[in-house]
Structure formats: C-alpha cells, structure tokens
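> Structure: entry.pdb, PDB, C-alpha atoms and all ligand atoms.
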MODEL        1
ATOM      1  CA  MET A   1     -55.150 -30.678  73.746
ATOM      2  CA  ALA A   2     -54.890 -27.638  71.507
ATOM      3  CA  HIS A   3     -53.599 -28.273  68.021
ATOM      4  CA  PRO A   4     -49.995 -26.930  67.830
ATOM      5  CA  LEU A   5     -50.816 -25.244  64.529
ATOM      6  CA  GLU A   6     -53.415 -23.044  66.252
ATOM      7  CA  ALA A   7     -50.600 -20.968  67.756
ATOM      8  CA  LEU A   8     -49.058 -20.788  64.287
ATOM      9  CA  LEU A   9     -52.324 -19.444  62.861
ATOM     10  CA  VAL A  10     -52.098 -16.586  65.370
ATOM     11  CA  LEU A  11     -48.404 -16.137  64.592
ATOM     12  CA  GLN A  12     -49.193 -16.087  60.885
ATOM     13  CA  GLU A  13     -51.809 -13.391  61.354
ATOM     14  CA  THR A  14     -49.147 -11.321  63.143
ATOM     15  CA  ASP A  15     -46.523 -12.043  60.489
ATOM     16  CA  ARG A  16     -48.907 -10.987  57.726
ATOM     17  CA  LYS A  17     -49.494  -7.680  59.496
ATOM     18  CA  ILE A  18     -45.717  -7.289  59.987
ATOM     19  CA  ALA A  19     -45.085  -7.953  56.292
ATOM     20  CA  LYS A  20     -47.737  -5.420  55.282
ATOM     21  CA  LEU A  21     -46.205  -2.717  57.496
ATOM     22  CA  GLN A  22     -42.705  -3.548  56.280
ATOM     23  CA  ARG A  23     -43.915  -3.139  52.695
ATOM     24  CA  GLU A  24     -45.408   0.216  53.580
ATOM     25  CA  ILE A  25     -42.143   1.362  55.191
ATOM     26  CA  ARG A  26     -40.212   0.196  52.149
ATOM     27  CA  ASP A  27     -42.519   2.119  49.779
ATOM     28  CA  ILE A  28     -42.341   5.438  51.615
ATOM     29  CA  PRO A  29     -39.080   6.677  49.978
ATOM     30  CA  ALA A  30     -40.575   6.082  46.514
ATOM     31  CA  ARG A  31     -43.742   7.937  47.509
ATOM     32  CA  LYS A  32     -41.584  10.828  48.726
ATOM     33  CA  ALA A  33     -39.681  10.839  45.433
ATOM     34  CA  ASP A  34     -43.005  10.980  43.533
ATOM     35  CA  ILE A  35     -44.020  14.013  45.564
ATOM     36  CA  GLU A  36     -40.651  15.675  44.873
ATOM     37  CA  LYS A  37     -41.167  15.045  41.173
ATOM     38  CA  GLN A  38     -44.387  17.085  41.233
ATOM     39  CA  LEU A  39     -42.211  20.090  42.068
ATOM     40  CA  GLU A  40     -39.919  19.567  39.093
ATOM     41  CA  GLY A  41     -42.577  20.645  36.582
ATOM     42  CA  ALA A  42     -43.183  23.936  38.383
ATOM     43  CA  LYS A  43     -39.427  24.541  38.710
ATOM     44  CA  ILE A  44     -38.857  23.922  34.997
ATOM     45  CA  LYS A  45     -41.698  26.280  34.016
ATOM     46  CA  LEU A  46     -40.237  29.013  36.213
ATOM     47  CA  SER A  47     -36.704  28.617  34.858
ATOM     48  CA  GLN A  48     -38.056  28.712  31.283
ATOM     49  CA  ALA A  49     -39.787  32.016  32.024
ATOM     50  CA  ARG A  50     -36.567  33.384  33.556
ATOM     51  CA  GLU A  51     -34.576  32.273  30.510
ATOM     52  CA  ALA A  52     -37.055  34.033  28.204
ATOM     53  CA  LEU A  53     -36.590  37.281  30.136
ATOM     54  CA  LYS A  54     -32.797  36.896  30.009
ATOM     55  CA  LYS A  55     -32.916  36.407  26.245
ATOM     56  CA  ASN A  56     -35.183  39.416  25.924
ATOM     57  CA  ALA A  57     -32.706  41.567  27.892
ATOM     58  CA  ALA A  58     -29.823  40.376  25.705
ATOM     59  CA  ASP A  59     -31.813  41.153  22.530
ATOM     60  CA  LEU A  60     -32.665  44.593  23.875
ATOM     61  CA  LYS A  61     -29.017  45.265  24.695
ATOM     62  CA  GLN A  62     -28.079  44.238  21.157
ATOM     63  CA  LEU A  63     -30.613  46.676  19.661
ATOM     64  CA  GLU A  64     -29.279  49.482  21.869
ATOM     65  CA  VAL A  65     -25.728  48.791  20.697
ATOM     66  CA  GLU A  66     -26.895  48.869  17.047
ATOM     67  CA  ALA A  67     -28.786  52.107  17.595
ATOM     68  CA  GLY A  68     -25.680  53.564  19.283
ATOM     69  CA  THR A  69     -23.560  52.698  16.261
ATOM     70  CA  HIS A  70     -25.994  54.474  13.966
ATOM     71  CA  SER A  71     -26.152  57.515  16.260
ATOM     72  CA  GLU A  72     -22.382  57.778  16.134
ATOM     73  CA  LYS A  73     -22.537  57.577  12.347
ATOM     74  CA  ILE A  74     -25.017  60.458  12.302
ATOM     75  CA  ILE A  75     -22.680  62.598  14.424
ATOM     76  CA  LYS A  76     -19.843  61.810  12.027
ATOM     77  CA  TYR A  77     -21.998  62.522   8.943
ATOM     78  CA  LYS A  78     -23.089  65.866  10.410
ATOM     79  CA  GLN A  79     -19.453  66.905  10.946
ATOM     80  CA  GLN A  80     -18.549  65.823   7.422
ATOM     81  CA  GLN A  81     -21.644  67.571   6.091
ATOM     82  CA  MET A  82     -20.436  70.864   7.555
ATOM     83  CA  GLU A  83     -17.153  70.344   5.797
ATOM     84  CA  ALA A  84     -18.816  69.498   2.487
ATOM     85  CA  LYS A  85     -17.291  71.238  -0.495
ATOM     86  CA  THR A  86     -20.188  70.850  -2.915
ATOM     87  CA  ASN A  87     -23.948  70.762  -2.823
ATOM     88  CA  ASP A  88     -23.886  67.175  -4.083
ATOM     89  CA  GLN A  89     -21.649  66.162  -1.193
ATOM     90  CA  TYR A  90     -23.897  68.033   1.214
ATOM     91  CA  ARG A  91     -26.995  66.255  -0.141
ATOM     92  CA  ALA A  92     -25.242  62.884  -0.014
ATOM     93  CA  PHE A  93     -24.580  63.324   3.712
ATOM     94  CA  LEU A  94     -28.144  64.461   4.189
ATOM     95  CA  GLN A  95     -29.315  61.193   2.639
ATOM     96  CA  GLU A  96     -26.911  59.144   4.763
ATOM     97  CA  ILE A  97     -28.190  60.882   7.895
ATOM     98  CA  ALA A  98     -31.824  60.281   6.890
ATOM     99  CA  ALA A  99     -31.061  56.607   6.229
ATOM    100  CA  ALA A 100     -29.345  56.194   9.614
ATOM    101  CA  GLU A 101     -32.229  57.928  11.379
ATOM    102  CA  LYS A 102     -34.657  55.579   9.678
ATOM    103  CA  VAL A 103     -32.667  52.580  10.899
ATOM    104  CA  ILE A 104     -32.604  54.009  14.435
ATOM    105  CA  SER A 105     -36.341  54.570  14.325
ATOM    106  CA  SER A 106     -37.016  50.985  13.272
ATOM    107  CA  LEU A 107     -34.617  49.741  15.990
ATOM    108  CA  GLU A 108     -36.546  51.810  18.515
ATOM    109  CA  ASP A 109     -39.802  50.266  17.346
ATOM    110  CA  ARG A 110     -38.319  46.842  17.952
ATOM    111  CA  GLU A 111     -37.039  47.972  21.362
ATOM    112  CA  ILE A 112     -40.570  48.987  22.336
ATOM    113  CA  VAL A 113     -41.886  45.549  21.361
ATOM    114  CA  LEU A 114     -39.130  43.875  23.381
ATOM    115  CA  MET A 115     -39.824  46.071  26.404
ATOM    116  CA  GLU A 116     -43.502  45.139  26.245
ATOM    117  CA  GLN A 117     -42.513  41.484  26.024
ATOM    118  CA  ALA A 118     -40.219  41.964  29.042
ATOM    119  CA  GLU A 119     -43.132  43.325  31.074
ATOM    120  CA  ALA A 120     -45.255  40.323  30.105
ATOM    121  CA  ALA A 121     -42.364  37.949  30.914
ATOM    122  CA  LYS A 122     -41.952  39.525  34.366
ATOM    123  CA  LYS A 123     -45.644  38.937  35.032
ATOM    124  CA  VAL A 124     -45.331  35.304  33.961
ATOM    125  CA  ILE A 125     -42.300  34.870  36.251
ATOM    126  CA  ALA A 126     -44.215  36.319  39.204
ATOM    127  CA  GLU A 127     -47.137  33.961  38.506
ATOM    128  CA  ARG A 128     -44.879  30.951  38.245
ATOM    129  CA  GLU A 129     -43.034  31.905  41.431
ATOM    130  CA  THR A 130     -46.395  31.945  43.204
ATOM    131  CA  GLU A 131     -47.324  28.587  41.682
ATOM    132  CA  LEU A 132     -44.013  27.087  42.778
ATOM    133  CA  LYS A 133     -44.420  28.418  46.298
ATOM    134  CA  GLU A 134     -47.899  26.880  46.501
ATOM    135  CA  GLU A 135     -46.602  23.568  45.168
ATOM    136  CA  GLU A 136     -43.769  23.630  47.690
ATOM    137  CA  GLY A 137     -46.269  24.240  50.476
ATOM    138  CA  GLY A 138     -48.399  21.291  49.325
ATOM    139  CA  VAL A 139     -45.374  19.068  48.930
ATOM    140  CA  SER A 140     -43.976  19.783  52.365
ATOM    141  CA  GLU A 141     -47.414  19.092  53.838
ATOM    142  CA  GLU A 142     -47.611  15.749  52.014
ATOM    143  CA  LYS A 143     -44.087  14.863  53.101
ATOM    144  CA  GLU A 144     -44.941  15.693  56.692
ATOM    145  CA  MET A 145     -47.963  13.394  56.478
ATOM    146  CA  LEU A 146     -45.708  10.626  55.193
ATOM    147  CA  GLU A 147     -43.255  11.231  58.034
ATOM    148  CA  ASP A 148     -46.087  10.985  60.556
ATOM    149  CA  ARG A 149     -47.359   7.833  58.887
ATOM    150  CA  LEU A 150     -43.850   6.351  58.972
ATOM    151  CA  LYS A 151     -43.618   6.953  62.724
ATOM    152  CA  GLU A 152     -47.041   5.401  63.265
ATOM    153  CA  VAL A 153     -46.192   2.352  61.159
ATOM    154  CA  GLN A 154     -42.864   1.943  62.931
ATOM    155  CA  GLU A 155     -44.607   1.968  66.326
ATOM    156  CA  ASP A 156     -47.227  -0.553  65.170
ATOM    157  CA  LEU A 157     -44.465  -2.701  63.755
ATOM    158  CA  ASN A 158     -42.527  -2.641  67.030
ATOM    159  CA  ALA A 159     -45.658  -3.681  68.912
ATOM    160  CA  LEU A 160     -46.280  -6.543  66.463
ATOM    161  CA  ILE A 161     -42.681  -7.718  66.743
ATOM    162  CA  ALA A 162     -43.115  -7.821  70.534
ATOM    163  CA  ASP A 163     -46.344  -9.825  70.050
ATOM    164  CA  ARG A 164     -44.492 -12.167  67.764
ATOM    165  CA  GLY A 165     -41.873 -12.814  70.460
ATOM    166  CA  ARG A 166     -44.591 -13.721  72.942
ATOM    167  CA  ILE A 167     -46.301 -16.072  70.478
ATOM    168  CA  THR A 168     -43.144 -17.838  69.297
ATOM    169  CA  ALA A 169     -42.230 -18.564  72.936
ATOM    170  CA  THR A 170     -45.174 -21.000  72.953
ATOM    171  CA  VAL A 171     -44.144 -22.830  69.738
ATOM    172  CA  SER A 172     -41.583 -25.633  69.544
ATOM    173  CA  PRO A 173     -38.354 -24.442  67.876
ATOM    174  CA  SER A 174     -38.392 -27.129  65.174
ATOM    175  CA  LEU A 175     -42.002 -26.390  64.217
ATOM    176  CA  LEU A 176     -41.243 -22.666  64.283
ATOM    177  CA  ALA A 177     -38.269 -23.168  61.950
ATOM    178  CA  LYS A 178     -40.475 -25.135  59.528
ATOM    179  CA  TYR A 179     -43.145 -22.471  59.675
ATOM    180  CA  ASP A 180     -40.650 -19.607  59.160
ATOM    181  CA  ARG A 181     -39.158 -21.289  56.090
ATOM    182  CA  LEU A 182     -42.576 -22.028  54.604
ATOM    183  CA  PHE A 183     -43.960 -18.556  55.323
ATOM    184  CA  ALA A 184     -40.930 -16.898  53.703
ATOM    185  CA  ASN A 185     -41.160 -19.285  50.757
ATOM    186  CA  LYS A 186     -44.901 -18.930  50.126
ATOM    187  CA  GLY A 187     -45.095 -15.236  50.883
ATOM    188  CA  ASP A 188     -48.724 -15.455  51.989
ATOM    189  CA  PHE A 189     -49.686 -18.438  54.158
ATOM    190  CA  ALA A 190     -47.674 -21.275  55.688
ATOM    191  CA  VAL A 191     -50.578 -22.739  57.675
ATOM    192  CA  VAL A 192     -54.005 -23.151  56.108
ATOM    193  CA  GLN A 193     -57.265 -24.664  57.184
ATOM    194  CA  VAL A 194     -59.123 -27.542  55.647
ATOM    195  CA  GLU A 195     -62.374 -26.133  54.347
ATOM    196  CA  LYS A 196     -65.014 -28.512  52.998
ATOM    197  CA  ASP A 197     -62.392 -31.172  52.216
ATOM    198  CA  HIS A 198     -60.280 -28.629  50.337
ATOM    199  CA  CYS A 199     -56.942 -27.030  51.122
ATOM    200  CA  SER A 200     -57.743 -23.341  51.588
ATOM    201  CA  GLY A 201     -54.230 -22.514  50.410
ATOM    202  CA  CYS A 202     -54.353 -24.041  46.930
ATOM    203  CA  HIS A 203     -58.073 -25.018  46.818
ATOM    204  CA  MET A 204     -57.320 -28.602  45.805
ATOM    205  CA  LYS A 205     -59.591 -31.375  47.066
ATOM    206  CA  LEU A 206     -57.872 -33.367  49.793
ATOM    207  CA  PRO A 207     -58.079 -37.144  50.347
ATOM    208  CA  PRO A 208     -60.320 -38.118  53.333
ATOM    209  CA  GLN A 209     -57.290 -39.483  55.187
ATOM    210  CA  VAL A 210     -55.574 -36.109  54.997
ATOM    211  CA  THR A 211     -58.586 -34.120  56.180
ATOM    212  CA  ASN A 212     -58.880 -36.598  59.036
ATOM    213  CA  ASP A 213     -55.207 -36.451  59.984
ATOM    214  CA  ALA A 214     -55.380 -32.655  59.960
ATOM    215  CA  LEU A 215     -57.733 -32.946  62.945
ATOM    216  CA  ASN A 216     -55.125 -34.769  64.966
ATOM    217  CA  PRO A 217     -52.936 -32.517  67.146
ATOM    218  CA  ALA A 218     -50.271 -35.218  67.215
ATOM    219  CA  LYS A 219     -49.775 -35.148  63.449
ATOM    220  CA  LEU A 220     -48.147 -32.534  61.251
ATOM    221  CA  VAL A 221     -50.040 -32.734  57.950
ATOM    222  CA  ILE A 222     -48.732 -31.108  54.794
ATOM    223  CA  CYS A 223     -50.851 -30.442  51.687
ATOM    224  CA  ASN A 224     -49.561 -32.687  48.902
ATOM    225  CA  PHE A 225     -50.348 -30.069  46.305
ATOM    226  CA  CYS A 226     -48.947 -26.832  47.744
ATOM    227  CA  GLY A 227     -46.799 -27.973  50.660
ATOM    228  CA  ARG A 228     -48.572 -25.804  53.260
ATOM    229  CA  MET A 229     -49.303 -27.097  56.755
ATOM    230  CA  LEU A 230     -52.906 -28.181  57.170
ATOM    231  CA  ILE A 231     -55.085 -27.793  60.205
ATOM    232  CA  HIS A 232     -58.643 -28.965  60.379
ATOM    233  CA  LEU A 233     -60.613 -26.985  62.941
ATOM    234  CA  ARG A 234     -64.131 -28.049  63.798
TER     235      ARG A 234
HETATM  236 ZN    ZN B 301     -52.728 -26.901  49.326
ENDMDL
END
Translate this file's structure into structure tokens.


Amino acid sequence: MAHPLEALLVLQETDRKIAKLQREIRDIPARKADIEKQLEGAKIKLSQAREALKKNAADLKQLEVEAGTHSEKIIKYKQQQMEAKTNDQYRAFLQEIAAAEKVISSLEDREIVLMEQAEAAKKVIAERETELKEEEGGVSEEKEMLEDRLKEVQEDLNALIADRGRITATVSPSLLAKYDRLFANKGDFAVVQVEKDHCSGCHMKLPPQVTNDALNPAKLVICNFCGRMLIHLR
C-alpha cells in the first residue's frame, strides 16, 4: 500500500512550482515600472536642455528690446542735435549719442555670446533626443521580453494547475484540506520526510516512535515541533 502522503509530496512539488510562477507574475508590473523609470532620467535631461534654450531665447529677446530702445534714443538725439542752438548743446547730444552707441555695442556683444550658447544648447538637445530615442528603443525591447515571459509563465501555470487537478483527484478530501491549510500556513512545505531521525522541515530530532509511525501508511504523523506532516520513506 502506497503511503497517502506520497501523493501529497507530488502535489507539494507542483504547488511549489505554482507559487513560484505566481510570484513571478505578481512581480512583473514592478519590473515594468522599473524599466519605465529608466526613461525618466533621459526625459528630464532633455527637458532641462529645452528649458535652457527657451531661457536663452528670452534673454536674447530682452537684449534686442534694450538695444532697440537705445537706437530710438539715438534717432531722437540726432534730431535734437540738428536743432541745437549752441555748440555746447550740440556737443552734449554728441556725447549722449556716443554713450548710447556704446551701450548698444556692449548689448550686441552679449547677444553674440547668447547666440553661441543657443547653438551649443541646440546641439545638446539633439544629443539628448538621440539618447532618449535609444533608451526608448531599449525599454520597449525589455518590456516586450517581459510580455513574452508573462505569456510563457501563464501557460506553464495553466499546465501546472491542470496537473494539480489530476493529483488532487487521488487524495482524500479531508487530507487535502489539511494539506492545503498547512501549505498556505507554512509557505514552503506541508509534508516533509524523516531524514536520519530528524524532521527535514524543522531539523529537530524526532522520537523513535514518531519516525516509526511515519513509516505506517495508516497513520497521519505530525511533527511535534513544526506541525508539518511526516512521511518516512525507505
Ligand atoms: Zn518539524
């Protein structure tokens, strides 16, 4: 007569595989989120570069407005200069015009610097766009691999669940209920073997009577220390 726990050992092997696959399925969304996060860094770097260019354009616009104001002043000074009544007045306008031209010239110098910076910023943006595109390519590839893996795991899981149905059909319902409770409770093993007079679940030394009883198919023996079902196979 086969020991009734032998079928449970097979069932347990199946249940452990099922649990492992279920864990993997559960972890896939988090793995996907991690992959998505990799993209965030590249997106932030690109938007920073775009912001820098925007600020540069605004600064440039501001300088142009300032230069425009001074140009208008020069036009006004030149008109007033022509209407000057005295040499002193004439010279005063001349000085004002020279001062305004000096300001315009320094504004133009700053404009040149900003335009050079804009060119550099555009290059950085192009580089970061390329980087982002590459990252996106890598990420979609990784996500595809995860999708494929998910399908594979789901198929394996379905096959194992079918196996489980076939195995449980050979186990008495009351024993199965005990096993299910214990397996869920322990999270690793519900049925363990006696190995060299020890429980292989908790590794405690078992009394001779227990190791003996665990040989007997007619007896359901429970480890006193960890509560797992014991089977002694020889
Ligand atoms: Zn034990």

> What does the list of residues within 6 Å of ligand ZN 301 (chain B) look like if you count all atoms listed in the file, written as a ChimeraX atom specification?

/A:199,201-202,223,225-226,228

> Choose the residue, out of A:Glu152, A:Glu141, A:Glu134, A:Glu195, that has the smallest atom-to-atom separation from Leu39 (chain A); count all atoms listed in the file.

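The answer is A:Glu134, which sits nearest to Leu39 (chain A).
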
> Distance CA of Gln117 (chain A)-CA of Ala100 (chain A), one decimal place?

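So the two atoms, CA of Gln117 (chain A) and CA of Ala100 (chain A), lie 25.7 Å apart.
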
> Please, what distance in Å, to one decimal, runs between CA of Gly138 (chain A) and CA of Leu53 (chain A)?

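Calculated distance between CA of Gly138 (chain A) and CA of Leu53 (chain A) is 27.6 Å.
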
> Give me the residues near region 168-185 of chain A as a list of chain:residue names, where near means some atom within 9 Å (using only C-alpha atoms) and where sequence neighbours in that chain fewer than 3 positions away do not count.

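So the residues in contact are A:Pro4, A:Leu5, A:Ala7, A:Leu8, A:Leu11, A:Gln12, A:Asp15, A:Asp163, A:Arg164, A:Gly165, A:Asp188, A:Phe189, A:Ala190, A:Val191, A:Gly227, A:Arg228, A:Met229.
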
> Would you write out those residues with C-alpha atoms, as a PDB file, in the frame of the given file?


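part_15.pdb, written as the output of this step:
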ATOM      1  CA  PRO A   4     -49.995 -26.930  67.830  1.00  0.00           C
ATOM      2  CA  LEU A   5     -50.816 -25.244  64.529  1.00  0.00           C
ATOM      3  CA  ALA A   7     -50.600 -20.968  67.756  1.00  0.00           C
ATOM      4  CA  LEU A   8     -49.058 -20.788  64.287  1.00  0.00           C
ATOM      5  CA  LEU A  11     -48.404 -16.137  64.592  1.00  0.00           C
ATOM      6  CA  GLN A  12     -49.193 -16.087  60.885  1.00  0.00           C
ATOM      7  CA  ASP A  15     -46.523 -12.043  60.489  1.00  0.00           C
ATOM      8  CA  ASP A 163     -46.344  -9.825  70.050  1.00  0.00           C
ATOM      9  CA  ARG A 164     -44.492 -12.167  67.764  1.00  0.00           C
ATOM     10  CA  GLY A 165     -41.873 -12.814  70.460  1.00  0.00           C
ATOM     11  CA  ASP A 188     -48.724 -15.455  51.989  1.00  0.00           C
ATOM     12  CA  PHE A 189     -49.686 -18.438  54.158  1.00  0.00           C
ATOM     13  CA  ALA A 190     -47.674 -21.275  55.688  1.00  0.00           C
ATOM     14  CA  VAL A 191     -50.578 -22.739  57.675  1.00  0.00           C
ATOM     15  CA  GLY A 227     -46.799 -27.973  50.660  1.00  0.00           C
ATOM     16  CA  ARG A 228     -48.572 -25.804  53.260  1.00  0.00           C
ATOM     17  CA  MET A 229     -49.303 -27.097  56.755  1.00  0.00           C
TER      18      MET A 229
END

> Nearest to Thr14 (chain A) among A:Ala162, A:Leu206, A:Leu215, A:Leu230, with distances taken over all atoms listed in the file: which residue is it?

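Closest residue, counting all atoms listed in the file: A:Ala162.
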
> Specify as an MDAnalysis selection string each residue included when the PyMOL selection byres (((chain A and resi 110) around 12) and not hetatm) is applied to this file.

chainID A and resid 56 59:64 66:67 103:109 111:117

> On this structure, the PyMOL selection byres (((chain A and resi 125) around 12) and not hetatm) would catch which residues? List them as a ChimeraX atom specification, sorted by chain and number.

/A:42-54,118-124,126-132

> Given 4 Å on each side, where is the centre and what are the edge lengths in Å to one decimal of the axis-aligned box enclosing the listed atoms of region 212-218 of chain A, as JSON?


{"center_x": -54.6, "center_y": -34.6, "center_z": 63.1, "size_x": 16.6, "size_y": 12.1, "size_z": 16.2}

> Run the PyMOL selection byres (((chain A and resi 216) around 10) and not hetatm) on the file and write out the hits as a PyMOL selection string.

chain A and resi 1-4+211-215+217-221+231-233

> Do a neighbour search on Lys73 (chain A) at 9 Å with only C-alpha atoms, toss out local chain neighbours closer than 5 positions, and write the hits as a list in words.

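Near neighbours after the sequence-gap exclusion: Gly68, Lys78, Glu96, Ile97 and Ala100 of chain A.
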
> Quote the spacing between CA of Glu24 (chain A) and CA of Ile167 (chain A) in Å to one decimal place.

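If I compute the distance from CA of Glu24 (chain A) to CA of Ile167 (chain A), I get 23.5 Å.
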
> Within 9 Å of Gln80 (chain A), counting only C-alpha atoms, which residues qualify if same-chain residues fewer than 5 places away don't, as a count of residues only?

3

> Would you pull region 199-224 of chain A out of the block just shown and save N, CA and C atoms as a PDB file, in the first residue's frame?


ATOM      1  N   CYS A 199      13.289  15.658  11.533  1.00  0.00           N
ATOM      2  CA  CYS A 199      12.267  16.252  10.666  1.00  0.00           C
ATOM      3  C   CYS A 199      13.006  17.126   9.657  1.00  0.00           C
ATOM      4  N   SER A 200      12.807  16.904   8.379  1.00  0.00           N
ATOM      5  CA  SER A 200      13.543  17.706   7.391  1.00  0.00           C
ATOM      6  C   SER A 200      12.896  19.080   7.191  1.00  0.00           C
ATOM      7  N   GLY A 201      11.775  19.296   7.898  1.00  0.00           N
ATOM      8  CA  GLY A 201      11.169  20.631   7.859  1.00  0.00           C
ATOM      9  C   GLY A 201      11.814  21.570   8.863  1.00  0.00           C
ATOM     10  N   CYS A 202      11.943  21.115  10.112  1.00  0.00           N
ATOM     11  CA  CYS A 202      12.479  21.990  11.158  1.00  0.00           C
ATOM     12  C   CYS A 202      13.823  21.482  11.688  1.00  0.00           C
ATOM     13  N   HIS A 203      14.259  20.298  11.219  1.00  0.00           N
ATOM     14  CA  HIS A 203      15.571  19.735  11.568  1.00  0.00           C
ATOM     15  C   HIS A 203      15.697  19.308  13.036  1.00  0.00           C
ATOM     16  N   MET A 204      14.549  19.171  13.701  1.00  0.00           N
ATOM     17  CA  MET A 204      14.598  18.682  15.087  1.00  0.00           C
ATOM     18  C   MET A 204      14.686  17.153  15.078  1.00  0.00           C
ATOM     19  N   LYS A 205      15.343  16.616  16.118  1.00  0.00           N
ATOM     20  CA  LYS A 205      15.440  15.161  16.242  1.00  0.00           C
ATOM     21  C   LYS A 205      14.096  14.620  16.726  1.00  0.00           C
ATOM     22  N   LEU A 206      13.648  13.558  16.044  1.00  0.00           N
ATOM     23  CA  LEU A 206      12.321  13.013  16.349  1.00  0.00           C
ATOM     24  C   LEU A 206      12.441  11.783  17.253  1.00  0.00           C
ATOM     25  N   PRO A 207      11.444  11.575  18.131  1.00  0.00           N
ATOM     26  CA  PRO A 207      11.459  10.355  18.958  1.00  0.00           C
ATOM     27  C   PRO A 207      11.333   9.120  18.059  1.00  0.00           C
ATOM     28  N   PRO A 208      11.936   7.972  18.481  1.00  0.00           N
ATOM     29  CA  PRO A 208      11.898   6.750  17.653  1.00  0.00           C
ATOM     30  C   PRO A 208      10.469   6.351  17.280  1.00  0.00           C
ATOM     31  N   GLN A 209       9.541   6.538  18.216  1.00  0.00           N
ATOM     32  CA  GLN A 209       8.150   6.165  17.948  1.00  0.00           C
ATOM     33  C   GLN A 209       7.594   6.945  16.753  1.00  0.00           C
ATOM     34  N   VAL A 210       7.953   8.210  16.690  1.00  0.00           N
ATOM     35  CA  VAL A 210       7.449   9.063  15.608  1.00  0.00           C
ATOM     36  C   VAL A 210       8.042   8.636  14.268  1.00  0.00           C
ATOM     37  N   THR A 211       9.359   8.405  14.257  1.00  0.00           N
ATOM     38  CA  THR A 211       9.981   8.008  12.981  1.00  0.00           C
ATOM     39  C   THR A 211       9.409   6.673  12.521  1.00  0.00           C
ATOM     40  N   ASN A 212       9.060   5.829  13.462  1.00  0.00           N
ATOM     41  CA  ASN A 212       8.459   4.538  13.160  1.00  0.00           C
ATOM     42  C   ASN A 212       7.048   4.693  12.608  1.00  0.00           C
ATOM     43  N   ASP A 213       6.250   5.514  13.320  1.00  0.00           N
ATOM     44  CA  ASP A 213       4.867   5.736  12.889  1.00  0.00           C
ATOM     45  C   ASP A 213       4.821   6.357  11.497  1.00  0.00           C
ATOM     46  N   ALA A 214       5.835   7.174  11.197  1.00  0.00           N
ATOM     47  CA  ALA A 214       5.833   7.873   9.900  1.00  0.00           C
ATOM     48  C   ALA A 214       6.025   6.894   8.742  1.00  0.00           C
ATOM     49  N   LEU A 215       6.401   5.657   9.078  1.00  0.00           N
ATOM     50  CA  LEU A 215       6.516   4.613   8.046  1.00  0.00           C
ATOM     51  C   LEU A 215       5.148   4.016   7.714  1.00  0.00           C
ATOM     52  N   ASN A 216       4.241   4.164   8.627  1.00  0.00           N
ATOM     53  CA  ASN A 216       2.965   3.452   8.551  1.00  0.00           C
ATOM     54  C   ASN A 216       1.937   4.230   7.724  1.00  0.00           C
ATOM     55  N   PRO A 217       1.527   3.654   6.583  1.00  0.00           N
ATOM     56  CA  PRO A 217       0.574   4.353   5.708  1.00  0.00           C
ATOM     57  C   PRO A 217      -0.776   4.593   6.388  1.00  0.00           C
ATOM     58  N   ALA A 218      -1.054   3.873   7.430  1.00  0.00           N
ATOM     59  CA  ALA A 218      -2.356   4.001   8.094  1.00  0.00           C
ATOM     60  C   ALA A 218      -2.364   5.138   9.097  1.00  0.00           C
ATOM     61  N   LYS A 219      -1.174   5.716   9.367  1.00  0.00           N
ATOM     62  CA  LYS A 219      -1.121   6.770  10.383  1.00  0.00           C
ATOM     63  C   LYS A 219      -0.741   8.117   9.763  1.00  0.00           C
ATOM     64  N   LEU A 220      -1.414   9.159  10.257  1.00  0.00           N
ATOM     65  CA  LEU A 220      -1.024  10.515   9.849  1.00  0.00           C
ATOM     66  C   LEU A 220      -0.183  11.082  10.998  1.00  0.00           C
ATOM     67  N   VAL A 221       1.119  11.250  10.740  1.00  0.00           N
ATOM     68  CA  VAL A 221       2.036  11.688  11.794  1.00  0.00           C
ATOM     69  C   VAL A 221       2.417  13.149  11.562  1.00  0.00           C
ATOM     70  N   ILE A 222       2.318  13.912  12.653  1.00  0.00           N
ATOM     71  CA  ILE A 222       2.623  15.342  12.582  1.00  0.00           C
ATOM     72  C   ILE A 222       3.863  15.608  13.435  1.00  0.00           C
ATOM     73  N   CYS A 223       4.792  16.422  12.925  1.00  0.00           N
ATOM     74  CA  CYS A 223       5.977  16.782  13.703  1.00  0.00           C
ATOM     75  C   CYS A 223       5.533  17.631  14.889  1.00  0.00           C
ATOM     76  N   ASN A 224       5.963  17.230  16.085  1.00  0.00           N
ATOM     77  CA  ASN A 224       5.598  17.934  17.307  1.00  0.00           C
ATOM     78  C   ASN A 224       6.174  19.339  17.370  1.00  0.00           C
TER      79      ASN A 224
END
